[in-house]
>>> print(open('model_23.txt').read())   # compact mmCIF, C-alpha atoms
# COMPACT_ATOMS: atom_id res chain seq x y z
CA MET L 1 38.71 19.06 -85.49
CA GLU L 2 40.63 16.96 -82.97
CA GLU L 3 44.43 16.87 -83.34
CA ALA L 4 46.56 13.76 -83.02
CA VAL L 5 50.25 12.89 -83.08
CA LEU L 6 51.44 10.07 -85.37
CA VAL L 7 54.01 7.45 -84.34
CA SER L 8 55.94 4.85 -86.34
CA VAL L 9 59.20 2.92 -86.16
CA ILE L 10 61.92 2.44 -88.77
CA THR L 11 63.06 -1.19 -88.70
CA LYS L 12 65.37 -3.30 -90.83
CA GLU L 13 62.37 -4.13 -93.05
CA SER L 14 61.79 -0.43 -93.86
CA ASP L 15 63.65 2.84 -94.37
CA GLU L 16 63.06 6.52 -93.69
CA LYS L 17 61.55 7.18 -97.12
CA SER L 18 59.02 4.32 -96.93
CA VAL L 19 58.07 5.19 -93.33
CA LYS L 20 57.43 8.80 -94.40
CA GLU L 21 55.10 7.53 -97.14
CA TYR L 22 53.39 5.22 -94.64
CA LEU L 23 52.85 8.16 -92.28
CA ASP L 24 51.48 10.20 -95.20
CA GLU L 25 48.92 7.44 -95.70
CA LEU L 26 48.21 7.30 -91.95
CA GLU L 27 47.63 11.07 -92.02
CA PHE L 28 45.16 10.60 -94.90
CA LEU L 29 43.42 7.87 -92.92
CA ALA L 30 43.18 10.16 -89.89
CA LEU L 31 41.78 12.98 -92.03
CA THR L 32 39.20 10.59 -93.48
CA ALA L 33 38.19 9.74 -89.90
CA GLY L 34 37.87 13.45 -89.06
CA VAL L 35 41.17 13.94 -87.22
CA ARG L 36 43.85 16.54 -87.99
CA SER L 37 47.42 15.21 -87.82
CA GLY L 38 50.08 17.18 -85.98
CA ARG L 39 53.62 16.21 -85.01
CA ARG L 40 55.13 12.96 -86.27
CA PHE L 41 57.46 10.80 -84.19
CA THR L 42 59.69 8.07 -85.63
CA GLN L 43 62.43 5.93 -84.10
CA LYS L 44 65.03 3.66 -85.64
CA VAL L 45 64.89 0.28 -83.91
CA GLU L 46 65.67 -3.32 -84.81
CA ARG L 47 62.07 -4.22 -83.95
CA ALA L 48 59.16 -2.52 -82.21
CA ASN L 49 59.33 -2.61 -78.40
CA SER L 50 57.11 -5.44 -77.16
CA LYS L 51 55.88 -3.36 -74.20
CA THR L 52 55.57 0.20 -75.48
CA TYR L 53 56.21 -0.03 -79.26
CA VAL L 54 58.92 2.69 -79.01
CA GLY L 55 61.84 2.92 -76.58
CA SER L 56 61.67 4.67 -73.20
CA GLY L 57 63.48 7.79 -74.43
CA LYS L 58 61.19 8.29 -77.41
CA LEU L 59 58.16 7.54 -75.22
CA ALA L 60 59.22 10.29 -72.81
CA GLU L 61 59.62 12.70 -75.74
CA ILE L 62 56.13 11.90 -77.02
CA LYS L 63 54.67 12.24 -73.54
CA GLY L 64 56.29 15.65 -73.06
CA TYR L 65 54.93 16.93 -76.37
CA ILE L 66 51.44 15.61 -75.67
CA LYS L 67 51.32 17.31 -72.28
CA GLU L 68 52.79 20.58 -73.53
CA HIS L 69 50.32 20.86 -76.43
CA ASP L 70 47.34 19.28 -74.68
CA ILE L 71 46.99 16.49 -77.25
CA SER L 72 44.27 13.94 -76.52
CA LEU L 73 44.95 11.34 -79.22
CA CYS L 74 48.01 9.37 -80.36
CA ILE L 75 47.87 7.14 -83.46
CA PHE L 76 50.38 4.34 -84.18
CA ASP L 77 51.05 3.03 -87.69
CA ASP L 78 50.89 -0.65 -86.71
CA GLU L 79 48.48 -2.95 -84.94
CA LEU L 80 49.36 -2.82 -81.24
CA SER L 81 49.09 -5.79 -78.92
CA PRO L 82 46.69 -5.61 -75.95
CA SER L 83 49.62 -5.14 -73.56
CA GLN L 84 51.15 -2.38 -75.72
CA LEU L 85 47.80 -0.55 -75.78
CA ARG L 86 47.43 -0.85 -72.02
CA ASN L 87 50.99 0.31 -71.31
CA LEU L 88 50.82 3.23 -73.75
CA GLU L 89 47.53 4.50 -72.34
CA LYS L 90 49.02 4.36 -68.86
CA GLU L 91 52.24 6.15 -69.84
CA LEU L 92 50.88 8.77 -72.24
CA GLU L 93 47.60 9.38 -70.40
CA CYS L 94 45.65 9.93 -73.63
CA ARG L 95 43.57 7.90 -76.06
CA ILE L 96 45.59 5.46 -78.16
CA LEU L 97 44.57 4.28 -81.61
CA ASP L 98 46.51 1.84 -83.72
CA ARG L 99 46.25 1.53 -87.50
CA THR L 100 43.70 -1.29 -87.25
CA SER L 101 41.32 0.54 -84.90
CA LEU L 102 41.56 3.68 -87.08
CA ILE L 103 40.60 1.75 -90.22
CA LEU L 104 37.77 0.02 -88.34
CA ASP L 105 36.51 3.43 -87.22
CA ILE L 106 36.52 4.70 -90.83
CA PHE L 107 34.65 1.60 -91.99
CA ALA L 108 32.08 2.15 -89.23
CA GLN L 109 31.58 5.75 -90.40
CA ARG L 110 31.32 4.74 -94.07
CA ALA L 111 29.01 1.74 -93.69
CA LYS L 112 25.56 2.68 -95.00
CA THR L 113 23.69 -0.56 -95.68
CA ALA L 114 22.67 -3.13 -93.07
CA TYR L 115 25.04 -5.64 -94.68
CA ALA L 116 28.08 -3.35 -94.46
CA LYS L 117 27.20 -2.32 -90.91
CA THR L 118 26.95 -5.96 -89.84
CA GLN L 119 30.31 -6.81 -91.40
CA VAL L 120 32.03 -3.85 -89.74
CA GLU L 121 30.44 -4.54 -86.36
CA LEU L 122 31.64 -8.14 -86.54
CA ALA L 123 35.19 -6.97 -87.32
CA GLN L 124 35.08 -4.49 -84.44
CA TYR L 125 34.03 -7.12 -81.91
CA GLN L 126 36.68 -9.56 -83.18
CA TYR L 127 39.29 -6.83 -82.72
CA LEU L 128 37.91 -5.91 -79.28
CA LEU L 129 37.73 -9.43 -77.81
CA PRO L 130 41.44 -9.89 -76.90
CA ARG L 131 41.65 -6.27 -75.70
CA LEU L 132 38.90 -6.34 -73.08
CA THR L 133 41.31 -5.80 -70.19
CA ARG L 134 41.88 -2.19 -71.23
CA MET L 135 38.17 -1.29 -71.23
CA TRP L 136 36.77 0.90 -68.51
CA THR L 137 33.10 0.66 -69.57
CA HIS L 138 31.01 -2.38 -68.71
CA LEU L 139 29.23 -4.20 -71.49
CA GLU L 140 26.74 -5.90 -69.18
CA ARG L 141 24.73 -2.68 -69.15
CA GLN L 142 23.63 -3.62 -72.67
CA ARG L 143 22.17 -6.88 -71.39
CA GLY L 144 19.67 -7.28 -68.57
CA GLY L 145 17.84 -10.05 -66.78
CA ILE L 146 18.28 -12.33 -63.79
CA GLY L 147 20.79 -15.13 -64.03
CA MET L 148 23.03 -13.44 -66.59
CA ARG L 149 26.09 -13.60 -64.33
CA GLY L 150 27.37 -16.71 -62.62
CA PRO L 151 28.57 -16.72 -59.00
CA GLY L 152 32.05 -15.27 -58.65
CA GLU L 153 32.27 -14.46 -62.35
CA SER L 154 34.58 -11.52 -63.00
CA GLN L 155 33.63 -8.51 -65.09
CA ILE L 156 36.09 -9.46 -67.83
CA GLU L 157 34.53 -12.93 -68.11
CA THR L 158 31.05 -11.41 -68.36
CA ASP L 159 32.18 -8.96 -71.04
CA ARG L 160 33.91 -11.71 -72.99
CA ARG L 161 30.80 -13.90 -72.90
CA ILE L 162 28.62 -11.00 -74.09
CA ILE L 163 30.97 -10.24 -77.00
CA LEU L 164 31.18 -13.92 -78.02
CA THR L 165 27.38 -14.01 -78.06
CA LYS L 166 27.28 -10.88 -80.24
CA ILE L 167 29.91 -12.32 -82.61
CA ALA L 168 27.91 -15.55 -83.00
CA LYS L 169 24.74 -13.58 -83.76
CA LEU L 170 26.48 -11.32 -86.29
CA LYS L 171 27.99 -14.34 -88.07
CA ALA L 172 24.54 -15.94 -88.26
CA ASP L 173 23.08 -12.70 -89.65
CA LEU L 174 25.84 -12.52 -92.29
CA LYS L 175 25.26 -16.13 -93.34
CA LYS L 176 21.59 -15.37 -93.89
CA ILE L 177 22.41 -12.29 -96.02
CA ASP L 178 25.12 -14.25 -97.85
CA ARG L 179 22.55 -16.84 -98.95
CA GLN L 180 20.32 -14.07 -100.29
CA MET L 181 23.20 -12.46 -102.19
CA ALA L 182 24.34 -15.81 -103.58
CA SER L 183 20.81 -16.34 -104.88
CA GLN L 184 20.89 -12.90 -106.50
CA ARG L 185 24.20 -13.70 -108.19
CA GLY L 186 22.78 -17.00 -109.41
CA ASN L 187 19.84 -15.21 -111.02
CA ARG L 188 22.09 -13.07 -113.20
CA GLY L 189 22.50 -15.79 -115.75
CA SER L 190 25.78 -16.37 -117.55
CA LEU L 191 26.72 -12.80 -118.36
CA VAL L 192 30.44 -12.03 -118.42
CA ARG L 193 31.44 -10.59 -115.04
CA VAL L 194 34.08 -7.89 -114.68
CA ALA L 195 35.21 -6.64 -111.25
CA LEU L 196 37.02 -3.38 -110.52
CA VAL L 197 39.71 -3.89 -107.88
CA GLY L 198 42.55 -1.75 -106.60
CA TYR L 199 44.08 0.20 -103.76
CA THR L 200 41.70 2.53 -101.97
CA ASN L 201 41.31 5.94 -103.62
CA ALA L 202 42.69 4.70 -106.96
CA GLY L 203 39.58 5.93 -108.78
CA LYS L 204 37.49 2.75 -109.11
CA SER L 205 34.15 4.40 -108.32
CA THR L 206 34.83 7.29 -110.72
CA LEU L 207 35.63 4.77 -113.45
CA MET L 208 32.52 2.76 -112.54
CA ASN L 209 30.37 5.86 -112.98
CA LEU L 210 32.00 6.60 -116.32
CA LEU L 211 31.57 3.11 -117.78
CA SER L 212 28.09 2.40 -116.41
CA LYS L 213 26.70 5.95 -116.47
CA SER L 214 25.63 5.47 -112.85
CA ASP L 215 26.12 7.56 -109.72
CA VAL L 216 28.18 5.40 -107.36
CA PHE L 217 29.49 7.55 -104.49
CA ALA L 218 33.03 8.74 -105.24
CA GLU L 219 35.15 11.01 -103.07
CA ASN L 220 38.83 11.89 -102.65
CA LYS L 221 38.98 10.05 -99.34
CA LEU L 222 39.91 6.52 -98.38
CA PHE L 223 37.23 3.80 -98.46
CA ALA L 224 34.55 5.93 -100.13
CA THR L 225 32.92 2.65 -101.23
CA LEU L 226 32.26 -0.26 -98.84
CA ASP L 227 29.33 -2.04 -100.46
CA THR L 228 29.87 -3.90 -103.70
CA THR L 229 27.92 -2.20 -106.49
CA VAL L 230 26.96 -4.21 -109.58
CA ARG L 231 25.75 -2.61 -112.81
CA LYS L 232 24.73 -4.17 -116.11
CA ILE L 233 26.39 -2.36 -119.01
CA VAL L 234 26.28 -2.92 -122.75
CA LEU L 235 29.37 -2.49 -124.94
CA GLY L 236 28.54 -2.68 -128.63
CA ASN L 237 26.08 -5.59 -128.72
CA LEU L 238 27.52 -7.34 -125.65
CA PRO L 239 25.88 -7.06 -122.19
CA LEU L 240 28.08 -7.68 -119.17
CA LEU L 241 28.12 -7.12 -115.39
CA LEU L 242 30.54 -4.59 -113.90
CA SER L 243 31.12 -4.51 -110.13
CA ASP L 244 32.86 -1.94 -107.93
CA THR L 245 34.33 -3.29 -104.67
CA VAL L 246 35.86 -2.02 -101.45
CA GLY L 247 39.42 -0.74 -101.90
CA PHE L 248 42.43 -2.54 -100.45
CA ILE L 249 45.11 -0.97 -98.29
CA ARG L 250 48.46 -1.84 -96.75
CA LYS L 251 48.03 -3.78 -93.49
CA LEU L 252 44.31 -4.24 -94.07
CA PRO L 253 43.07 -5.60 -90.72
CA THR L 254 42.65 -9.37 -90.70
CA GLN L 255 39.24 -8.95 -89.06
CA LEU L 256 38.03 -6.87 -92.01
CA VAL L 257 39.38 -9.29 -94.60
CA GLU L 258 37.52 -12.12 -92.84
CA SER L 259 34.21 -10.28 -92.38
CA PHE L 260 34.25 -8.79 -95.90
CA LYS L 261 35.09 -12.05 -97.68
CA SER L 262 31.44 -12.55 -98.58
CA THR L 263 31.26 -9.04 -100.06
CA LEU L 264 34.30 -9.91 -102.15
CA ASP L 265 32.56 -12.92 -103.68
CA GLU L 266 31.97 -10.63 -106.67
CA VAL L 267 35.76 -10.55 -107.10
CA ARG L 268 36.21 -14.29 -106.68
CA GLU L 269 33.42 -15.09 -109.13
CA ALA L 270 34.46 -12.52 -111.74
CA ASP L 271 35.68 -13.65 -115.16
CA VAL L 272 38.27 -10.88 -115.33
CA LEU L 273 39.63 -8.27 -112.91
CA MET L 274 40.27 -4.67 -113.90
CA HIS L 275 43.04 -3.60 -111.52
CA VAL L 276 42.89 0.19 -111.19
CA VAL L 277 46.19 1.83 -110.16
CA ASP L 278 46.81 5.45 -109.15
CA ILE L 279 49.86 6.11 -111.34
CA SER L 280 50.30 9.57 -109.78
CA HIS L 281 51.01 8.09 -106.35
CA PRO L 282 54.75 8.00 -105.55
CA ASN L 283 54.41 4.54 -104.03
CA TYR L 284 52.11 3.02 -106.66
CA GLU L 285 54.29 -0.07 -107.21
CA GLU L 286 53.92 -1.14 -103.58
CA GLN L 287 50.17 -0.50 -103.86
CA VAL L 288 50.06 -2.88 -106.85
CA LYS L 289 51.89 -5.46 -104.71
CA VAL L 290 49.45 -5.01 -101.80
CA VAL L 291 46.45 -5.54 -104.09
CA LYS L 292 48.00 -8.70 -105.55
CA GLU L 293 48.67 -10.09 -102.07
CA THR L 294 45.13 -9.30 -100.93
CA LEU L 295 43.62 -10.93 -104.03
CA THR L 296 45.64 -14.07 -103.28
CA GLU L 297 44.46 -13.95 -99.65
CA ILE L 298 40.78 -13.91 -100.65
CA GLY L 299 41.21 -16.66 -103.24
CA ALA L 300 41.24 -14.55 -106.42
CA GLY L 301 44.96 -14.58 -107.17
CA GLY L 302 44.68 -16.61 -110.36
CA LYS L 303 42.12 -14.43 -112.16
CA PRO L 304 42.93 -12.79 -115.53
CA VAL L 305 43.90 -9.16 -114.87
CA TYR L 306 43.74 -6.02 -116.99
CA LEU L 307 45.88 -3.24 -115.52
CA ILE L 308 44.38 0.27 -115.67
CA PHE L 309 46.81 3.03 -114.73
CA ASN L 310 44.55 5.91 -113.76
CA LYS L 311 45.13 9.62 -112.99
CA ILE L 312 47.63 10.30 -115.77
CA ASP L 313 46.45 13.93 -115.56
CA ALA L 314 48.14 14.11 -112.14
CA TYR L 315 51.29 12.21 -113.16
CA ARG L 316 54.50 14.22 -113.16
CA TYR L 317 57.95 13.17 -114.28
CA HIS L 318 61.33 14.72 -114.94
CA ARG L 319 64.29 13.57 -116.98
CA LYS L 320 67.54 13.75 -115.05
CA SER L 321 70.56 15.35 -116.60
CA GLU L 322 73.87 13.54 -117.00
CA PHE L 323 75.13 15.42 -113.95
CA ASP L 324 72.30 14.03 -111.83
CA LEU L 325 72.69 10.35 -112.61
CA PHE L 326 74.03 9.40 -109.19
CA GLY L 327 71.48 11.26 -107.10
CA ASP L 328 69.39 9.57 -104.41
CA GLU L 329 66.24 9.49 -106.52
CA PRO L 330 66.05 7.44 -109.74
CA ALA L 331 64.93 9.20 -112.89
CA ASN L 332 61.20 9.02 -113.45
CA MET L 333 59.94 7.42 -116.63
CA SER L 334 57.60 8.84 -119.21
CA LEU L 335 54.18 7.22 -119.50
CA ASP L 336 55.23 5.41 -122.71
CA GLU L 337 58.30 4.00 -120.96
CA LEU L 338 56.18 2.91 -118.00
CA LYS L 339 53.74 1.17 -120.33
CA HIS L 340 56.49 -0.81 -122.06
CA MET L 341 58.04 -1.67 -118.68
CA TRP L 342 54.79 -3.01 -117.24
CA ILE L 343 53.92 -5.02 -120.35
CA ALA L 344 57.36 -6.63 -120.25
CA LYS L 345 57.34 -7.03 -116.46
CA GLU L 346 53.86 -8.45 -115.95
CA ASN L 347 53.04 -9.85 -119.39
CA THR L 348 49.63 -8.34 -118.71
CA PRO L 349 47.54 -6.04 -120.93
CA CYS L 350 47.45 -2.49 -119.60
CA ILE L 351 46.23 0.98 -120.43
CA PHE L 352 46.93 4.50 -119.18
CA ILE L 353 43.86 6.68 -118.64
CA SER L 354 42.37 9.60 -116.74
CA ALA L 355 38.86 8.80 -115.54
CA LYS L 356 38.51 12.36 -114.28
CA GLU L 357 39.47 13.96 -117.61
CA LYS L 358 38.03 11.10 -119.70
CA VAL L 359 41.35 10.47 -121.45
CA ASN L 360 41.68 7.15 -123.36
CA ILE L 361 38.26 5.97 -122.20
CA ASP L 362 37.14 4.94 -125.72
CA LYS L 363 40.22 2.71 -125.99
CA LEU L 364 39.39 1.26 -122.56
CA ARG L 365 35.83 0.46 -123.71
CA ASP L 366 37.18 -1.19 -126.88
CA ASP L 367 39.64 -3.30 -124.88
CA LEU L 368 36.97 -4.29 -122.37
CA TYR L 369 34.63 -5.29 -125.19
CA ARG L 370 37.34 -7.41 -126.82
CA ILE L 371 38.20 -9.16 -123.52
CA ALA L 372 34.54 -9.81 -122.66
CA ALA L 373 33.75 -10.98 -126.22
CA GLU L 374 36.56 -13.56 -126.08
CA ILE L 375 35.22 -14.89 -122.77
CA HIS L 376 31.69 -15.00 -124.19
CA ALA L 377 32.84 -16.79 -127.34
CA GLY L 378 34.65 -19.38 -125.23
CA ARG L 379 31.52 -19.90 -123.16
CA TYR L 380 29.19 -20.09 -126.17
CA PRO L 381 31.36 -21.35 -129.07
CA PHE L 382 28.38 -21.84 -131.40
CA ASN L 383 26.87 -18.42 -130.73
CA ASN L 384 28.79 -16.12 -133.05
CA PHE L 385 26.41 -13.15 -133.06
CA LEU L 386 29.22 -11.00 -131.72
CA TRP L 387 31.35 -11.50 -134.77
>>> encode(input="model_23.txt", output="structure tokens")
Amino acid sequence: MEEAVLVSVITKESDEKSVKEYLDELEFLALTAGVRSGRRFTQKVERANSKTYVGSGKLAEIKGYIKEHDISLCIFDDELSPSQLRNLEKELECRILDRTSLILDIFAQRAKTAYAKTQVELAQYQYLLPRLTRMWTHLERQRGGIGMRGPGESQIETDRRIILTKIAKLKADLKKIDRQMASQRGNRGSLVRVALVGYTNAGKSTLMNLLSKSDVFAENKLFATLDTTVRKIVLGNLPLLLSDTVGFIRKLPTQLVESFKSTLDEVREADVLMHVVDISHPNYEEQVKVVKETLTEIGAGGKPVYLIFNKIDAYRYHRKSEFDLFGDEPANMSLDELKHMWIAKENTPCIFISAKEKVNIDKLRDDLYRIAAEIHAGRYPFNNFLW
């Protein structure tokens, strides 16, 4: 397995603790992509260097380590500009990946269906277009024929034209598939629609399998699910549609949000969202915030939400003593205290479960039935077979 060094900066918008957690996530992303993470480099700066992301001294330190340990890959926890990428490759003399290109690579590995592959390929070309100046390979080899290059046209102009042509074709392909999927959604009738949303690796697919008794792919890696999966389930005497969608993540590349918007139509058209949260994650509150921001970005911010705090089997807490009240870390709360806090804070129904250990799943089914039945009754006020 290839080894990489990880690089991030600590700015006025962050602190050492949050940057460590961000690098933990970047390490998990790298592992998902098949890369082993080695040394981490961080630097306190007011803002990232516009030319090389980090300062000259830190850059020299990274370069020395890379040469000494024969490292061939360096991953940065931000999206780098084209000039930053070019300068870093020249200085460090190794392959450079930023957070965006790493996530795009994972999506490319995970895409299984033609629809997902088309969406990822579109995102990759949109990311690549402004960065053509750093490419050493020539795209015109993928396109033959006389008259394909104008007189005096530079290689970069040819490559840009080829990519723009590919982007246009991919967008046309997606529109065609979108029309087919919209037709499929229209044929589902007026069943209540429930969509599972949440941060990647929160346990949505595991919960989907549990509720629908299906076999959606689930794995302890990021972005195990790219394609939206829809299953018809029956709770009591009420049929409804349950969908599992791609997970969200901090700094989700804009290109991916744009190209996957059609996939996320299931979220926008849902009657209610079941927001699955990994309560065992130390930074779960920020993950909740990221999901909310992403939902707003795709036009689903105003949907009714049912919070599902998953993985209580992995949750650990301790009660601080009176002698530890002024320590750096705040005292953790018990699950009951967390529940009361979130109900008061969000004014949103919530539940604490373990999909893995099947804890509180019957209560979840009862709550889901009640929510769906209320929506159904509002839609069909004179059809009271449910009651």
>>> closest_residue(input="model_23.txt", among="L:Ser8, L:Leu335, L:Asp313, L:Asn283", to="Gly55 in chain L", atoms="all atoms listed in the file")
L:Ser8
>>> closest_residue(input="model_23.txt", among="L:Leu26, L:Leu191, L:Leu128, L:Ile10", to="Ala377 in chain L", atoms="only C-alpha atoms")
L:Leu191
>>> residues_around(input="model_23.txt", residues="Glu297 in chain L", least_positions_apart="5", cutoff="12 Å", atoms="only C-alpha atoms", output="list of chain:residue names")
L:Phe248, L:Leu252, L:Thr254, L:Val257, L:Glu258, L:Lys261, L:Leu264, L:Val267, L:Arg268, L:Val290, L:Val291, L:Lys292, L:Gly302
>>> closest_residue(input="model_23.txt", among="L:Ser18, L:Ser212, L:Ser183, L:Asn360", to="Leu241 in chain L", atoms="all atoms listed in the file")
L:Ser212
>>> residues_near_point(input="model_23.txt", point="(54.2, 3.8, -88.4)", cutoff="10 Å", atoms="only C-alpha atoms", output="JSON, numbers by chain")
{"L": [6, 7, 8, 9, 10, 18, 19, 20, 21, 22, 23, 24, 25, 26, 40, 41, 42, 43, 75, 76, 77, 78, 79, 98, 99]}
>>> closest_residue(input="model_23.txt", among="L:Asp367, L:Glu293, L:Asp105, L:Asp244", to="Thr32 in chain L", atoms="all atoms listed in the file")
L:Asp105
>>> closest_residue(input="model_23.txt", among="L:Pro349, L:Gly247, L:Pro130, L:Gly34", to="Ser205 in chain L", atoms="all atoms listed in the file")
L:Gly247
>>> atom_distance(input="model_23.txt", atom1="CA of Cys74 in chain L", atom2="CA of Thr158 in chain L")
29.4 Å
>>> atom_distance(input="model_23.txt", atom1="CA of Ile308 in chain L", atom2="CA of Met274 in chain L")
6.7 Å
>>> residues_around(input="model_23.txt", residues="Ala114 in chain L", least_positions_apart="3", cutoff="12 Å", atoms="only C-alpha atoms", output="list of chain:residue names")
L:Ala108, L:Arg110, L:Ala111, L:Lys117, L:Thr118, L:Gln119, L:Val120, L:Glu121, L:Leu170, L:Asp173, L:Leu174, L:Ile177, L:Leu226, L:Asp227
>>> closest_residue(input="model_23.txt", among="L:Ser190, L:Thr52, L:Asn310, L:Ser37", to="Glu91 in chain L", atoms="all atoms listed in the file")
L:Thr52
>>> axis_aligned_box(input="model_23.txt", around="range 41-49 of chain L", padding_each_side="6 Å", output="lines of an AutoDock Vina configuration file")
center_x = 61.6
center_y = 3.3
center_z = -82.0
size_x = 20.2
size_y = 27.0
size_z = 19.2
